[in-house]
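Shown next: run_1.cif, given as mmCIF, C-alpha atoms and all ligand atoms.
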```
data_work
#
loop_
_atom_site.label_atom_id
_atom_site.label_comp_id
_atom_site.auth_asym_id
_atom_site.auth_seq_id
_atom_site.Cartn_x
_atom_site.Cartn_y
_atom_site.Cartn_z
CA MET A 1 -0.92 63.04 29.58
CA GLU A 2 -4.52 62.98 30.82
CA THR A 3 -5.72 61.33 27.63
CA TYR A 4 -2.80 58.93 27.58
CA ASN A 5 -3.48 57.87 31.17
CA ALA A 6 -7.21 57.51 30.48
CA VAL A 7 -6.32 55.21 27.56
CA LEU A 8 -3.97 53.20 29.76
CA ALA A 9 -6.63 52.83 32.48
CA ALA A 10 -9.13 51.58 29.89
CA ASP A 11 -6.89 49.29 27.83
CA LEU A 12 -4.00 48.28 30.10
CA PRO A 13 -5.38 48.74 33.61
CA ASP A 14 -2.46 46.91 35.25
CA ASP A 15 0.16 49.19 33.67
CA PRO A 16 1.45 52.09 35.78
CA PRO A 17 0.18 55.53 34.74
CA TRP A 18 2.67 57.93 33.18
CA GLN A 19 4.23 60.83 35.04
CA GLU A 20 4.97 64.22 33.52
CA ALA A 21 8.70 63.67 33.17
CA GLN A 22 10.39 64.33 29.82
CA VAL A 23 7.19 63.50 27.94
CA ARG A 24 7.89 66.21 25.34
CA GLU A 25 11.36 64.74 24.77
CA TYR A 26 9.95 61.21 24.67
CA LEU A 27 7.62 62.24 21.84
CA ALA A 28 9.88 64.64 19.97
CA GLU A 29 13.39 63.15 20.04
CA THR A 30 14.32 60.59 17.39
CA MET A 31 17.40 58.86 16.01
CA PRO A 32 19.39 61.01 13.55
CA GLY A 33 17.82 60.66 10.11
CA GLU A 34 14.40 59.75 11.50
CA ARG A 35 11.45 62.08 11.94
CA ARG A 36 8.30 61.83 14.00
CA ILE A 37 5.30 63.91 12.95
CA SER A 38 2.44 64.26 15.42
CA TRP A 39 -1.10 65.60 15.31
CA VAL A 40 -3.59 66.13 18.11
CA ALA A 41 -7.38 66.27 17.99
CA GLU A 42 -8.99 69.09 19.96
CA ASP A 43 -12.51 70.49 20.32
CA ASP A 44 -12.81 73.01 17.44
CA ARG A 45 -15.40 75.11 19.28
CA LEU A 46 -12.63 76.40 21.53
CA PRO A 47 -9.62 78.50 20.47
CA GLU A 48 -6.58 76.45 19.48
CA GLY A 49 -4.52 75.40 22.48
CA GLU A 50 -7.30 76.10 24.99
CA SER A 51 -9.21 72.88 24.71
CA LYS A 52 -8.22 69.41 25.85
CA VAL A 53 -6.42 67.04 23.57
CA PHE A 54 -8.61 63.98 23.16
CA GLY A 55 -6.86 62.16 20.36
CA HIS A 56 -3.32 61.83 19.07
CA VAL A 57 -1.61 60.28 16.08
CA SER A 58 2.07 60.18 15.25
CA ILE A 59 4.08 58.66 12.49
CA LEU A 60 7.75 57.85 12.86
CA LEU A 61 9.44 57.95 9.46
CA CYS A 62 12.40 55.62 9.68
CA GLY A 63 14.25 53.79 6.94
CA ASP A 64 11.63 52.80 4.41
CA ILE A 65 8.77 52.30 6.84
CA GLY A 66 6.39 54.61 8.69
CA VAL A 67 5.40 53.50 12.20
CA LEU A 68 2.03 54.73 13.47
CA GLU A 69 0.74 55.33 16.98
CA VAL A 70 -2.86 56.36 17.54
CA LEU A 71 -4.94 56.92 20.61
CA VAL A 72 -8.43 58.21 21.24
CA HIS A 73 -9.87 59.06 24.66
CA PRO A 74 -12.07 56.16 25.83
CA LYS A 75 -15.08 58.51 26.18
CA LEU A 76 -14.93 59.50 22.52
CA ARG A 77 -14.47 56.17 20.79
CA ARG A 78 -16.52 54.67 17.96
CA ARG A 79 -17.24 58.07 16.39
CA GLY A 80 -14.79 57.77 13.54
CA LEU A 81 -12.06 59.84 15.18
CA GLY A 82 -9.43 57.07 15.13
CA GLU A 83 -10.03 56.52 11.45
CA GLN A 84 -9.74 60.24 10.73
CA LEU A 85 -6.44 60.45 12.60
CA VAL A 86 -4.99 57.47 10.72
CA GLY A 87 -6.15 59.14 7.48
CA VAL A 88 -4.15 62.30 8.23
CA ALA A 89 -0.96 60.39 9.04
CA ALA A 90 -1.36 57.93 6.14
CA ARG A 91 -1.76 60.74 3.60
CA ARG A 92 1.38 62.38 4.96
CA ALA A 93 3.32 59.09 4.70
CA TYR A 94 2.10 58.75 1.12
CA LEU A 95 3.22 62.30 0.24
CA GLU A 96 6.60 61.61 1.84
CA GLY A 97 7.02 58.64 -0.52
CA PHE A 98 6.63 55.81 1.99
CA SER A 99 5.05 52.63 0.69
CA SER A 100 4.53 50.63 3.85
CA ILE A 101 3.24 51.41 7.28
CA GLY A 102 3.47 49.38 10.48
CA VAL A 103 1.87 49.55 13.89
CA GLU A 104 2.23 47.79 17.24
CA VAL A 105 -1.13 46.50 18.38
CA ILE A 106 -1.90 45.30 21.89
CA GLY A 107 -3.80 42.02 22.19
CA SER A 108 -7.27 41.94 23.80
CA THR A 109 -7.91 45.65 23.16
CA ALA A 110 -10.17 47.62 20.80
CA ALA A 111 -7.16 48.28 18.60
CA ILE A 112 -7.31 44.77 17.05
CA GLY A 113 -10.78 45.32 15.54
CA PHE A 114 -9.81 48.87 14.59
CA TRP A 115 -6.67 48.06 12.58
CA GLU A 116 -8.23 45.00 10.96
CA SER A 117 -11.21 47.12 9.85
CA LEU A 118 -8.69 49.37 8.04
CA GLY A 119 -7.19 46.40 6.18
CA PHE A 120 -4.01 46.03 8.25
CA GLU A 121 -2.62 42.50 8.33
CA ARG A 122 -1.00 40.72 11.26
CA GLU A 123 2.69 40.14 10.52
CA TYR A 124 4.32 39.21 13.81
CA VAL A 125 3.32 38.19 17.30
CA GLU A 126 5.12 38.37 20.62
CA THR A 127 4.04 37.74 24.20
CA ARG A 128 4.59 40.38 26.83
CA SER A 129 5.61 39.03 30.25
CA VAL A 130 5.96 40.93 33.51
CA LEU A 131 8.23 40.21 36.44
CA THR A 132 7.39 41.57 39.91
CA LEU A 133 10.51 42.30 41.93
CA SER A 134 8.81 41.81 45.31
CA LYS A 135 7.96 38.22 44.37
CA LEU A 136 11.46 37.19 43.35
CA ASP A 137 13.40 34.34 44.92
CA TRP A 138 16.67 36.25 45.41
CA GLU A 139 18.52 33.18 46.68
CA ALA A 140 17.75 31.24 43.51
CA LEU A 141 18.73 34.32 41.48
CA ALA A 142 22.07 34.54 43.27
CA LYS A 143 22.79 30.96 42.17
CA MET A 144 21.89 31.80 38.58
CA ALA A 145 24.09 34.89 38.65
CA ALA A 146 27.03 32.78 39.84
CA GLY A 147 26.30 29.86 37.50
CA ILE A 148 28.29 31.05 34.47
CA SER A 149 31.03 28.72 33.11
CA PRO A 150 34.70 29.53 33.79
CA GLY A 151 36.29 31.67 31.08
CA TYR A 152 33.57 34.33 31.14
CA ARG A 153 33.37 37.54 33.15
CA VAL A 154 30.16 39.47 33.86
CA GLU A 155 30.27 43.28 33.80
CA TYR A 156 27.66 45.88 34.76
CA HIS A 157 27.51 49.21 32.89
CA PRO A 158 24.80 51.72 33.83
CA GLY A 159 24.13 54.29 31.07
CA SER A 160 26.21 52.82 28.24
CA PRO A 161 28.77 50.12 27.46
CA PRO A 162 32.30 51.56 27.83
CA SER A 163 33.55 53.14 24.61
CA ASP A 164 36.34 50.56 24.13
CA LEU A 165 33.67 47.84 24.01
CA LEU A 166 31.27 49.58 21.61
CA GLU A 167 32.64 47.76 18.59
CA ALA A 168 32.49 44.31 20.23
CA TYR A 169 28.99 45.16 21.50
CA ALA A 170 27.78 46.14 18.04
CA GLN A 171 29.33 42.96 16.64
CA ALA A 172 27.30 40.82 19.07
CA LYS A 173 24.12 42.62 17.96
CA LEU A 174 24.98 42.11 14.32
CA GLU A 175 25.44 38.36 14.76
CA ALA A 176 22.08 38.10 16.49
CA GLN A 177 20.25 39.95 13.74
CA SER A 178 20.16 36.95 11.42
CA ASP A 179 18.29 34.96 14.13
CA ASP A 180 15.44 37.41 14.06
CA ASP A 181 12.44 37.55 11.74
CA ASP A 182 10.85 40.58 13.39
CA LEU A 183 9.23 43.25 11.20
CA GLU A 184 11.97 45.55 12.50
CA LEU A 185 9.74 48.36 13.73
CA THR A 186 12.61 48.93 16.15
CA PRO A 187 15.72 47.94 14.17
CA ARG A 188 18.83 46.97 16.11
CA SER A 189 21.86 49.19 16.06
CA ALA A 190 24.49 46.94 14.60
CA ASP A 191 27.32 49.36 13.84
CA PRO A 192 29.22 51.30 16.50
CA GLN A 193 28.14 54.78 15.35
CA ARG A 194 24.49 53.77 15.10
CA LEU A 195 24.74 52.10 18.49
CA LYS A 196 26.13 55.29 19.99
CA ASP A 197 23.39 57.34 18.33
CA SER A 198 20.80 54.97 19.67
CA LEU A 199 22.12 55.20 23.24
CA ASP A 200 22.23 59.02 22.99
CA THR A 201 18.65 59.03 21.70
CA LEU A 202 17.50 56.87 24.61
CA HIS A 203 19.05 59.32 27.09
CA ARG A 204 17.50 62.34 25.32
CA ARG A 205 14.06 60.69 25.48
CA GLY A 206 14.34 60.10 29.24
CA LEU A 207 15.00 56.37 28.86
CA LYS A 208 17.89 55.26 31.04
CA PRO A 209 19.68 52.14 29.79
CA TYR A 210 21.34 49.59 32.07
CA ILE A 211 23.64 47.03 30.51
CA VAL A 212 25.11 43.75 31.73
CA LEU A 213 27.70 42.03 29.55
CA ALA A 214 29.36 38.62 29.50
CA ILE A 215 32.92 38.93 28.21
CA HIS A 216 34.74 35.90 26.82
CA GLU A 217 38.03 36.40 28.63
CA ALA A 218 40.30 34.61 26.15
CA SER A 219 39.19 36.70 23.15
CA GLY A 220 37.73 39.83 24.75
CA ALA A 221 34.56 39.26 22.67
CA VAL A 222 31.14 40.27 23.95
CA ALA A 223 29.60 36.81 24.34
CA GLY A 224 26.30 38.02 25.74
CA LEU A 225 24.47 41.19 26.63
CA THR A 226 21.25 42.24 28.24
CA GLU A 227 19.72 45.71 28.25
CA VAL A 228 17.01 47.09 30.54
CA VAL A 229 15.66 50.62 30.19
CA VAL A 230 14.07 52.58 33.03
CA PRO A 231 11.81 55.28 31.55
CA ALA A 232 11.48 58.60 33.40
CA GLN A 233 7.79 58.49 32.38
CA HIS A 234 7.08 55.26 34.33
CA PRO A 235 10.11 54.48 36.50
CA GLU A 236 8.27 51.79 38.46
CA ARG A 237 8.07 49.54 35.37
CA ALA A 238 11.24 48.99 33.34
CA ASP A 239 11.46 47.61 29.81
CA GLN A 240 13.70 44.71 28.91
CA TYR A 241 15.32 45.50 25.55
CA ASP A 242 17.69 43.09 23.78
CA THR A 243 19.18 40.03 25.37
CA ILE A 244 21.67 38.32 23.12
CA VAL A 245 23.93 35.34 23.63
CA VAL A 246 26.19 34.96 20.61
CA ARG A 247 25.63 31.53 19.02
CA SER A 248 29.16 30.17 19.65
CA HIS A 249 28.86 31.05 23.35
CA ARG A 250 25.55 29.33 24.02
CA GLY A 251 25.26 26.53 26.59
CA TYR A 252 27.49 28.18 29.23
CA GLY A 253 24.80 29.67 31.50
CA ILE A 254 25.26 33.19 30.12
CA ASP A 255 21.58 34.08 29.59
CA ARG A 256 20.61 33.21 33.18
CA ALA A 257 23.73 34.79 34.71
CA ILE A 258 23.47 38.17 32.97
CA LYS A 259 19.72 38.54 33.52
CA ALA A 260 19.98 37.56 37.19
CA ARG A 261 22.89 39.97 37.73
CA MET A 262 20.83 42.72 36.06
CA LEU A 263 18.02 42.24 38.59
CA PHE A 264 20.45 42.60 41.51
CA GLU A 265 21.90 45.78 40.00
CA LEU A 266 18.47 47.28 39.30
CA ARG A 267 17.30 46.58 42.85
CA THR A 268 20.12 48.81 44.12
CA ALA A 269 20.21 51.44 41.37
CA GLU A 270 16.45 52.01 41.06
CA PRO A 271 14.77 51.72 44.46
CA GLY A 272 11.43 52.87 42.97
CA LEU A 273 11.35 50.02 40.47
CA LEU A 274 8.59 47.42 41.00
CA GLU A 275 8.37 45.49 37.73
CA VAL A 276 10.22 44.64 34.53
CA GLN A 277 8.39 43.84 31.29
CA THR A 278 9.72 41.92 28.31
CA TRP A 279 8.51 40.83 24.89
CA ASN A 280 9.38 37.45 23.36
CA ALA A 281 8.51 35.61 20.19
CA GLN A 282 6.63 32.41 21.01
CA HIS A 283 9.13 30.30 19.03
CA ASN A 284 12.03 31.51 21.19
CA GLU A 285 11.64 28.60 23.60
CA SER A 286 15.01 28.73 25.36
CA MET A 287 14.60 32.40 26.27
CA LEU A 288 11.01 31.84 27.40
CA LYS A 289 12.22 29.03 29.67
CA VAL A 290 14.90 31.21 31.29
CA ASN A 291 12.41 34.08 31.71
CA ALA A 292 9.97 31.74 33.45
CA GLU A 293 12.76 30.56 35.81
CA LEU A 294 13.56 34.17 36.63
CA GLY A 295 9.92 34.84 37.53
CA PHE A 296 8.41 36.46 34.41
CA GLN A 297 4.66 35.80 34.08
CA PRO A 298 3.03 35.90 30.61
CA ASP A 299 0.72 38.91 30.37
CA ARG A 300 -0.75 39.34 26.88
CA ASP A 301 -0.03 39.11 23.16
CA TRP A 302 1.50 42.04 21.32
CA PHE A 303 1.28 42.19 17.51
CA GLU A 304 2.87 43.99 14.63
CA TYR A 305 0.45 44.81 11.83
CA GLY A 306 1.30 46.26 8.44
CA ALA A 307 -0.42 47.86 5.46
CA ASP A 308 0.38 49.23 2.05
CA VAL A 309 0.24 53.03 2.22
CA ALA A 310 -1.39 53.62 -1.19
CA GLN A 311 -4.08 51.06 -0.44
CA LEU A 312 -4.68 52.52 3.00
CA VAL A 313 -5.04 56.05 1.64
CA GLN A 314 -7.57 54.73 -0.86
CA THR A 315 -9.52 52.86 1.87
CA LEU A 316 -9.65 56.04 3.95
CA GLU A 317 -10.72 58.31 1.07
CA PRO A 318 -13.92 60.01 2.26
CA THR A 319 -16.95 58.56 0.43
CA ASP A 320 -19.95 60.84 -0.14
C1 LIG A 401 -7.97 51.89 18.47
C2 LIG A 401 -8.56 53.28 18.67
C3 LIG A 401 -7.55 54.34 18.19
C4 LIG A 401 -9.87 53.40 17.83
O1 LIG A 401 -10.36 54.73 17.93
P1 LIG A 401 -11.89 55.08 17.57
O2 LIG A 401 -12.00 56.55 17.42
O3 LIG A 401 -12.81 54.42 18.53
O4 LIG A 401 -12.06 54.34 16.14
P2 LIG A 401 -13.18 54.63 15.02
O5 LIG A 401 -14.43 55.15 15.65
O6 LIG A 401 -12.55 55.46 13.94
O7 LIG A 401 -13.43 53.15 14.49
C5 LIG A 401 -13.30 52.79 13.12
C6 LIG A 401 -13.68 51.33 12.96
O8 LIG A 401 -12.74 50.49 13.64
C7 LIG A 401 -13.41 49.32 14.15
N1 LIG A 401 -13.37 49.32 15.60
C8 LIG A 401 -13.04 50.34 16.45
N2 LIG A 401 -13.13 49.94 17.73
C9 LIG A 401 -13.51 48.66 17.71
C10 LIG A 401 -13.79 47.69 18.72
N3 LIG A 401 -13.74 48.01 20.02
N4 LIG A 401 -14.14 46.45 18.34
C11 LIG A 401 -14.25 46.12 17.04
N5 LIG A 401 -14.02 46.99 16.02
C12 LIG A 401 -13.66 48.24 16.36
C13 LIG A 401 -14.87 49.44 13.67
O9 LIG A 401 -14.98 48.82 12.41
C14 LIG A 401 -15.02 50.94 13.54
O10 LIG A 401 -16.06 51.31 12.67
P3 LIG A 401 -17.61 51.36 13.23
O11 LIG A 401 -17.57 52.12 14.53
O12 LIG A 401 -18.34 52.09 12.15
O13 LIG A 401 -18.02 49.94 13.41
C15 LIG A 401 -8.93 53.51 20.17
O14 LIG A 401 -9.72 52.43 20.62
C16 LIG A 401 -7.71 53.63 21.07
O15 LIG A 401 -7.20 54.73 21.31
N6 LIG A 401 -7.21 52.52 21.58
C17 LIG A 401 -6.00 52.47 22.40
C18 LIG A 401 -4.77 52.54 21.53
C19 LIG A 401 -3.60 51.94 22.22
O16 LIG A 401 -3.58 50.77 22.42
N7 LIG A 401 -2.60 52.77 22.58
C20 LIG A 401 -1.34 52.34 23.07
C21 LIG A 401 -1.25 51.89 24.48
S1 LIG A 401 -2.01 52.86 25.67
#
```

Since I need it in another form, could you write the structure as C-alpha cells?
Ligand SMILES: CC(C)(COP(=O)(O)OP(=O)(O)OC[C@H]1O[C@@H](n2cnc3c(N)ncnc32)[C@H](O)[C@@H]1OP(=O)(O)O)[C@@H](O)C(=O)NCCC(=O)NCCS
Amino acid sequence: METYNAVLAADLPDDPPWQEAQVREYLAETMPGERRISWVAEDDRLPEGESKVFGHVSILLCGDIGVLEVLVHPKLRRRGLGEQLVGVAARRAYLEGFSSIGVEVIGSTAAIGFWESLGFEREYVETRSVLTLSKLDWEALAKMAAGISPGYRVEYHPGSPPSDLLEAYAQAKLEAQSDDDDLELTPRSADPQRLKDSLDTLHRRGLKPYIVLAIHEASGAVAGLTEVVVPAQHPERADQYDTIVVRSHRGYGIDRAIKARMLFELRTAEPGLLEVQTWNAQHNESMLKVNAELGFQPDRDWFEYGADVAQLVQTLEPTD
C-alpha cells in the first residue's frame, strides 16, 4: 500500500490515495477460469518478509491474453527494476503458452517511455474524464433524469440487476459488443452466467456495483444500462463502467436520463463519494457530449499497449 500510494502521488497526484480495505481480495480474486500471478521486489539484504516491498508485477491470465501491471517505487526508478519485473512475468506468460500480452498505460507518465522502450505498441486510446459531485448543477440533472421519452421506465438496482432481468441485461451487453473495437483487456460479460460471475467477482474484490436500467415497457427489454462501481479501496472516487443504449432505442433521451438518475442515487447511497471517473474512446462523440453536459472534465489519455510474448522474452534476455 505504501509503495502503491507513493506511485500514485508521483504519477497521478490528483487521484485519491488507497485505503487498506480489501486490498488482498482486490489483488487475489479473479473471474472463474482466470488467474493472476503476482511478484514483489524486496531488499535481499533483509530476511524475506521483513523488508519493504518496493516493486510489484502481476499478470492476469485471461482468455488468450496476459494483462500486465507493474509498479516501481518512485525513489528506485531508472535502475532496471521495472524491466526485470516485466521479464519475470513475461517468461511466466511464455511458459504458460500465452502469445500476446497487453497493458494499460497512463498518458503523461514515465510508463509511456518504459513500455515503448520494451517494444510495446500502442493499440487503443481512451480519454479519462472526472466529474466532481460538489460542482454539479443538480437542477439541470433533475431535468435530464426526467427527460426520457414515454414508453420507458428507469430502475435503480444497487448491487446487481434483479435475477429475472439478468438475461435481458446480458442481451443488451451482447448487442453493444459489436460497436466496440477495444483490445478487450476487460471483456464484457455477455451471457447470463458470465455476467453473474462477473458481478460476484466485483463484490469479492471490494468493488460495489450500482446499476441504473431503462426498460422498454412494451417489450420488457433492457434498452439502456449504466454501471458505476464504488471501490472499498478508494470510496471517494467511483469508476463508471459500461453505459449502453441499445441501437434501436437510441434518440429517446436514455443515456442522459440513466446517468443523471445514477448521480442522484449515488449522492444518497454513498455520502463519502466526491468524484466519478470514466473512460471514453475519442470517436464516441455522442457519449462524450452527454458526459460533458453532465459535468465530466477531460483529465488525461489512457492507452492500451500490446506485445508479442516470444519477442518480448527475447528482448528481455539478459545480454552479457
Ligand atoms: C513504468 C515503471 C514501472 C518503470 O520502472 P523503472 O524501474 O524506472 O524502469 P527501468 O529502470 O527498468 O527502465 C527501463 C527503460 O525504460 C525506459 N524508461 C523508464 N522510465 C522512463 C522515463 N521516465 N522516460 C523515458 N523512458 C523511460 C528507459 O528506456 C529505461 O532504460 P534506461 O534507464 O537505461 O534509459 C515505473 O516508472 C512505474 O512504476 N510507473 C508507474 C506505473 C503506473 O502507472 N502504475 C499504475 C497507476 S498508479

Counting only C-alpha atoms, which residues have an atom no more than 6 Å from (1.4, 48.0, 1.3) in the file's coordinates? Please list them as a ChimeraX atom specification. /A:99-100,307-309

Contacts of Phe264 in chain A at 10 Å (all atoms listed in the file; same-chain gap of 5+ positions) as number ranges by chain: A: 133, 138, 141-142, 145, 259, 269

Nearest to ligand LIG 401 (chain A) by atom-to-atom distance, counting all atoms listed in the file, from A:Gly66, A:Gly87, A:Gly113, A:Gly206: A:Gly113

Residue with smallest distance to ligand LIG 401 (chain A) - pool A:Arg45, A:Arg247, A:His56, A:Arg77, counting all atoms listed in the file: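 Smallest separation from ligand LIG 401 (chain A) among the options: A:Arg77.
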
Tell me which of A:Ala168, A:Leu195, A:Val88, A:Ala221 sits closest to Leu68 in chain A, counting all atoms listed in the file.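 Ranked by minimum distance to Leu68 in chain A, first place goes to A:Val88.
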
Neighbouring residues of ligand LIG 401 (chain A) are defined here as those with any atom at most 10 Å from a ligand atom, counting all atoms listed in the file; list them as an mmCIF file with C-alpha atoms, keeping the file's coordinate frame.
```cif
data_model
loop_
_atom_site.group_PDB
_atom_site.id
_atom_site.type_symbol
_atom_site.label_atom_id
_atom_site.label_comp_id
_atom_site.auth_asym_id
_atom_site.auth_seq_id
_atom_site.Cartn_x
_atom_site.Cartn_y
_atom_site.Cartn_z
ATOM 1 C CA THR A 3 -5.720 61.330 27.630
ATOM 2 C CA TYR A 4 -2.800 58.930 27.580
ATOM 3 C CA ASN A 5 -3.480 57.870 31.170
ATOM 4 C CA ALA A 6 -7.210 57.510 30.480
ATOM 5 C CA VAL A 7 -6.320 55.210 27.560
ATOM 6 C CA LEU A 8 -3.970 53.200 29.760
ATOM 7 C CA ALA A 9 -6.630 52.830 32.480
ATOM 8 C CA ALA A 10 -9.130 51.580 29.890
ATOM 9 C CA ASP A 11 -6.890 49.290 27.830
ATOM 10 C CA LEU A 12 -4.000 48.280 30.100
ATOM 11 C CA PRO A 13 -5.380 48.740 33.610
ATOM 12 C CA ASP A 15 0.160 49.190 33.670
ATOM 13 C CA PRO A 17 0.180 55.530 34.740
ATOM 14 C CA PHE A 54 -8.610 63.980 23.160
ATOM 15 C CA GLY A 55 -6.860 62.160 20.360
ATOM 16 C CA HIS A 56 -3.320 61.830 19.070
ATOM 17 C CA VAL A 57 -1.610 60.280 16.080
ATOM 18 C CA GLU A 69 0.740 55.330 16.980
ATOM 19 C CA VAL A 70 -2.860 56.360 17.540
ATOM 20 C CA LEU A 71 -4.940 56.920 20.610
ATOM 21 C CA VAL A 72 -8.430 58.210 21.240
ATOM 22 C CA HIS A 73 -9.870 59.060 24.660
ATOM 23 C CA PRO A 74 -12.070 56.160 25.830
ATOM 24 C CA LYS A 75 -15.080 58.510 26.180
ATOM 25 C CA LEU A 76 -14.930 59.500 22.520
ATOM 26 C CA ARG A 77 -14.470 56.170 20.790
ATOM 27 C CA ARG A 78 -16.520 54.670 17.960
ATOM 28 C CA ARG A 79 -17.240 58.070 16.390
ATOM 29 C CA GLY A 80 -14.790 57.770 13.540
ATOM 30 C CA LEU A 81 -12.060 59.840 15.180
ATOM 31 C CA GLY A 82 -9.430 57.070 15.130
ATOM 32 C CA GLU A 83 -10.030 56.520 11.450
ATOM 33 C CA GLN A 84 -9.740 60.240 10.730
ATOM 34 C CA LEU A 85 -6.440 60.450 12.600
ATOM 35 C CA VAL A 86 -4.990 57.470 10.720
ATOM 36 C CA GLY A 87 -6.150 59.140 7.480
ATOM 37 C CA GLU A 104 2.230 47.790 17.240
ATOM 38 C CA VAL A 105 -1.130 46.500 18.380
ATOM 39 C CA ILE A 106 -1.900 45.300 21.890
ATOM 40 C CA GLY A 107 -3.800 42.020 22.190
ATOM 41 C CA SER A 108 -7.270 41.940 23.800
ATOM 42 C CA THR A 109 -7.910 45.650 23.160
ATOM 43 C CA ALA A 110 -10.170 47.620 20.800
ATOM 44 C CA ALA A 111 -7.160 48.280 18.600
ATOM 45 C CA ILE A 112 -7.310 44.770 17.050
ATOM 46 C CA GLY A 113 -10.780 45.320 15.540
ATOM 47 C CA PHE A 114 -9.810 48.870 14.590
ATOM 48 C CA TRP A 115 -6.670 48.060 12.580
ATOM 49 C CA GLU A 116 -8.230 45.000 10.960
ATOM 50 C CA SER A 117 -11.210 47.120 9.850
ATOM 51 C CA LEU A 118 -8.690 49.370 8.040
#
```

Figure out the distance between CA of Leu288 in chain A and CA of Lys143 in chain A, please, to one decimal in Å.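 Taking CA of Lys143 in chain A and CA of Leu288 in chain A, their separation equals 18.9 Å.
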
Separation of CA of Arg237 in chain A from CA of Glu275 in chain A in Å: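 Interatomic distance here is 4.7 Å.
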
Which is closest to Trp18 in chain A among A:Glu34, A:Glu155, A:Glu2, A:Asp197, if we use only C-alpha atoms?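 The closest residue to Trp18 in chain A is A:Glu2.
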
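With all atoms listed in the file as the atoms that count, the minimum distance from Ala281 in chain A to the choices A:Glu293, A:Glu50, A:Glu304, A:Glu29 is reached by A:Glu304.
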
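The space between CA of His234 in chain A and CA of Met287 in chain A spans 25.4 Å.
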
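Among the candidate residues A:Val212, A:Leu27, A:Val130, A:Val103, the one lying nearest to Met1 in chain A is A:Leu27, with distances computed using all atoms listed in the file.
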
Residue list as a list in words for point (13.7, 48.9, 30.3), cut-off 8 Å, only C-alpha atoms: Leu207, Lys208, Pro209, Tyr210, Glu227, Val228, Val229, Val230, Pro231, Arg237, Ala238, Asp239, Gln240, Tyr241, Val276 and Gln277 of chain A

Skipping near chain neighbours, those fewer than 2 positions away, what residues fall within 7 Å of Arg205 in chain A using all atoms listed in the file, listed as a count of residues only? 8

If the box runs along x, y and z of the file and leaves 3 Å on each side of range 211-221 of chain A, what are its centre and edge lengths in Å, one decimal, as lines of an AutoDock Vina configuration file?
```
center_x = 32.0
center_y = 40.8
center_z = 27.2
size_x = 22.7
size_y = 18.4
size_z = 15.1
```

Spatial neighbours of Trp279 in chain A, max dist 7 Å, all atoms listed in the file, sep filter under 4 positions, as a PyMOL selection string: chain A and resi 126-129
